[in-house]
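Listing of final-v2.cif; format and content: mmCIF, C-alpha atoms.
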data_entry
#
loop_
_atom_site.label_atom_id
_atom_site.label_comp_id
_atom_site.auth_asym_id
_atom_site.auth_seq_id
_atom_site.Cartn_x
_atom_site.Cartn_y
_atom_site.Cartn_z
CA MET A 1 0.00 0.00 0.00
CA ASN A 2 1.49 3.37 -0.98
CA ARG A 3 1.34 6.51 1.18
CA ARG A 4 -1.70 7.95 -0.62
CA GLU A 5 -3.66 4.75 0.00
CA ARG A 6 -2.61 4.75 3.66
CA ILE A 7 -3.69 8.38 4.05
CA VAL A 8 -7.09 7.57 2.55
CA ALA A 9 -7.48 4.56 4.85
CA ARG A 10 -6.42 6.44 8.00
CA LEU A 11 -8.61 9.48 7.35
CA THR A 12 -11.58 7.30 6.44
CA ALA A 13 -11.23 5.25 9.63
CA ALA A 14 -10.72 8.26 11.91
CA LEU A 15 -13.07 10.84 10.44
CA ALA A 16 -15.70 9.01 8.33
CA PRO A 17 -15.68 11.71 5.65
CA GLU A 18 -18.47 12.12 3.14
CA HIS A 19 -15.95 13.52 0.65
CA LEU A 20 -12.21 12.95 0.55
CA GLU A 21 -9.52 13.99 -1.92
CA VAL A 22 -5.87 13.09 -1.44
CA GLU A 23 -3.29 14.38 -3.90
CA ASP A 24 0.46 13.76 -3.91
CA GLU A 25 2.07 17.15 -4.55
CA SER A 26 5.67 16.01 -4.07
CA HIS A 27 6.40 16.90 -7.71
CA MET A 28 5.80 20.57 -6.83
CA HIS A 29 8.59 20.54 -4.25
CA ALA A 30 12.30 19.90 -3.96
CA ALA A 31 11.61 16.28 -2.98
CA GLY A 32 10.46 15.59 -6.53
CA ALA A 33 7.92 13.29 -8.14
CA GLY A 34 7.51 9.94 -6.45
CA ALA A 35 8.91 11.09 -3.09
CA GLU A 36 5.48 10.78 -1.37
CA THR A 37 6.40 13.55 1.10
CA HIS A 38 4.01 16.42 0.26
CA TYR A 39 0.23 15.94 0.10
CA ARG A 40 -2.95 17.95 -0.18
CA VAL A 41 -6.14 16.69 1.44
CA VAL A 42 -9.70 17.91 1.15
CA VAL A 43 -11.74 16.19 3.83
CA VAL A 44 -15.42 16.91 4.37
CA GLY A 45 -17.42 15.51 7.23
CA ALA A 46 -19.92 16.22 9.97
CA VAL A 47 -17.13 15.59 12.48
CA PHE A 48 -15.88 19.12 11.71
CA SER A 49 -19.20 20.88 12.45
CA GLY A 50 -18.82 23.47 15.18
CA LYS A 51 -15.03 23.12 15.32
CA GLY A 52 -12.50 25.84 14.52
CA LEU A 53 -9.73 25.65 11.96
CA VAL A 54 -6.97 24.70 14.40
CA GLU A 55 -9.01 21.90 15.96
CA ARG A 56 -9.90 20.53 12.52
CA HIS A 57 -6.27 20.52 11.46
CA ARG A 58 -5.25 18.82 14.69
CA MET A 59 -7.83 16.10 14.04
CA VAL A 60 -6.42 15.43 10.58
CA GLN A 61 -2.83 15.54 11.81
CA ALA A 62 -3.63 13.16 14.68
CA ALA A 63 -5.16 10.68 12.25
CA LEU A 64 -1.94 10.83 10.20
CA ALA A 65 0.58 10.80 13.07
CA GLU A 66 2.16 7.55 11.88
CA GLU A 67 2.59 8.95 8.38
CA PHE A 68 4.36 12.04 9.73
CA ALA A 69 6.60 9.79 11.81
CA GLY A 70 7.34 7.75 8.68
CA GLY A 71 8.39 10.52 6.31
CA LEU A 72 5.34 12.62 5.44
CA HIS A 73 6.85 16.10 5.42
CA ALA A 74 4.05 18.52 4.51
CA LEU A 75 0.27 18.45 4.35
CA SER A 76 -2.03 21.08 2.89
CA ILE A 77 -5.39 20.64 4.65
CA GLN A 78 -8.88 21.75 3.67
CA ALA A 79 -11.16 20.39 6.41
CA LEU A 80 -14.78 21.40 6.01
CA ASP A 81 -18.17 20.46 7.33
CA PRO A 82 -20.72 19.41 4.68
CA ASP A 83 -22.55 22.76 4.67
CA GLU A 84 -19.32 24.68 4.11
CA PHE A 85 -18.33 22.39 1.27
CA ARG A 86 -21.73 22.72 -0.41
CA ALA A 87 -21.62 26.52 -0.02
CA ARG A 88 -18.26 26.60 -1.79
CA GLN A 89 -19.52 24.18 -4.43
CA GLY A 90 -16.17 22.44 -4.29
CA ASP A 91 -14.33 25.67 -5.17
CA LEU A 92 -11.26 25.44 -2.96
CA PRO A 93 -7.95 27.29 -3.21
CA PRO A 94 -4.90 25.42 -4.51
CA SER A 95 -2.00 24.59 -2.24
CA PRO A 96 0.49 27.40 -1.72
CA ALA A 97 3.63 27.45 -3.83
CA CYS A 98 6.72 25.74 -2.48
CA ARG A 99 8.94 28.11 -0.51
CA GLY A 100 11.71 25.62 0.15
CA GLY A 101 15.25 26.87 -0.29
CA SER A 102 16.37 23.95 -2.43
CA LYS A 103 13.56 24.19 -4.99
CA THR A 104 14.78 25.47 -8.35
CA ALA A 105 12.68 28.07 -10.11
#

Encoding of this model in structure tokens:
Amino acid sequence: MNRRERIVARLTAALAPEHLEVEDESHMHAAGAGAETHYRVVVVGAVFSGKGLVERHRMVQAALAEEFAGGLHALSIQALDPDEFRARQGDLPPSPACRGGSKTA
């Protein structure tokens, strides 16, 4: 099972999302394609209702603690409750550009 599949499995088990997107963005960073170190997740679930941004991010990070311990370096998180996701109609901002010092322009 690759890292993306493990992320999907861990988030599904911990948060029971109604919508989940997991994208490997390692190719956008100094690590390069195939490194499986930089990911973007969009996770939508009722579990986030009434919770602030920091608490939502902590929930996602806690679910992925073993991945961080095993080499996951960066995670762009969009954690929304179902009403927020519907209001945005899936229109979410892209991940920020890499600001790493070793990334070539």

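Residues captured in this structure file are Leu15, Val44, Gly45, Ala46, Val47, Ser49, Gly50, Lys51, Gly52, Leu53, Glu55, Arg56, Met59, Ala79, Leu80, Asp81 and Pro82 of chain A, according to the PyMOL selection byres ((chain A and resi 48) around 9).
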
Could the residues in this selection be saved with C-alpha atoms as a CSV table (one decimal), in the coordinates of the input?
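As a result, part.csv now contains:
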chain,number,residue,atom,x,y,z
A,15,LEU,CA,-13.1,10.8,10.4
A,44,VAL,CA,-15.4,16.9,4.4
A,45,GLY,CA,-17.4,15.5,7.2
A,46,ALA,CA,-19.9,16.2,10.0
A,47,VAL,CA,-17.1,15.6,12.5
A,49,SER,CA,-19.2,20.9,12.4
A,50,GLY,CA,-18.8,23.5,15.2
A,51,LYS,CA,-15.0,23.1,15.3
A,52,GLY,CA,-12.5,25.8,14.5
A,53,LEU,CA,-9.7,25.6,12.0
A,55,GLU,CA,-9.0,21.9,16.0
A,56,ARG,CA,-9.9,20.5,12.5
A,59,MET,CA,-7.8,16.1,14.0
A,79,ALA,CA,-11.2,20.4,6.4
A,80,LEU,CA,-14.8,21.4,6.0
A,81,ASP,CA,-18.2,20.5,7.3
A,82,PRO,CA,-20.7,19.4,4.7

- Message: Suppose a student applies the PyMOL selection byres ((chain A and resi 14) around 12) to this structure; what residues should they get, written as number ranges by chain?
- Response: A: 7-13, 15-17, 43, 45, 47, 59-65

Output file for the selection above: C-alpha atoms, as a CSV table (one decimal), in the frame of the given file:
chain,number,residue,atom,x,y,z
A,7,ILE,CA,-3.7,8.4,4.0
A,8,VAL,CA,-7.1,7.6,2.6
A,9,ALA,CA,-7.5,4.6,4.8
A,10,ARG,CA,-6.4,6.4,8.0
A,11,LEU,CA,-8.6,9.5,7.4
A,12,THR,CA,-11.6,7.3,6.4
A,13,ALA,CA,-11.2,5.2,9.6
A,15,LEU,CA,-13.1,10.8,10.4
A,16,ALA,CA,-15.7,9.0,8.3
A,17,PRO,CA,-15.7,11.7,5.6
A,43,VAL,CA,-11.7,16.2,3.8
A,45,GLY,CA,-17.4,15.5,7.2
A,47,VAL,CA,-17.1,15.6,12.5
A,59,MET,CA,-7.8,16.1,14.0
A,60,VAL,CA,-6.4,15.4,10.6
A,61,GLN,CA,-2.8,15.5,11.8
A,62,ALA,CA,-3.6,13.2,14.7
A,63,ALA,CA,-5.2,10.7,12.2
A,64,LEU,CA,-1.9,10.8,10.2
A,65,ALA,CA,0.6,10.8,13.1

- For the atom pair CA of Ala74 (chain A) and CA of Val41 (chain A), what is the interatomic distance in Å to one decimal place? 10.8 Å

- Message: Evaluate the PyMOL selection byres ((chain A and resi 40) around 6) against this structure - the residues, as a list in words, please.
- Response: Val22, Glu23, Tyr39, Val41, Leu75 and Ser76 of chain A

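Separating CA of Gln89 (chain A) from CA of His19 (chain A) is a distance of 12.3 Å.
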
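Relative to CA of Val54 (chain A), CA of Glu5 (chain A) is found at 24.8 Å.
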
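Across A:Arg58, A:Arg86, A:His38, A:Arg3, the tightest approach to Glu25 (chain A) is made by A:His38 when counting only C-alpha atoms.
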
- Task: Could you tell me which of A:Leu92, A:Leu72, A:Glu66, A:Val42 comes closest to Leu20 (chain A) if we count all atoms listed in the file?
- Result: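 Smallest distance to Leu20 (chain A) is found for A:Val42.
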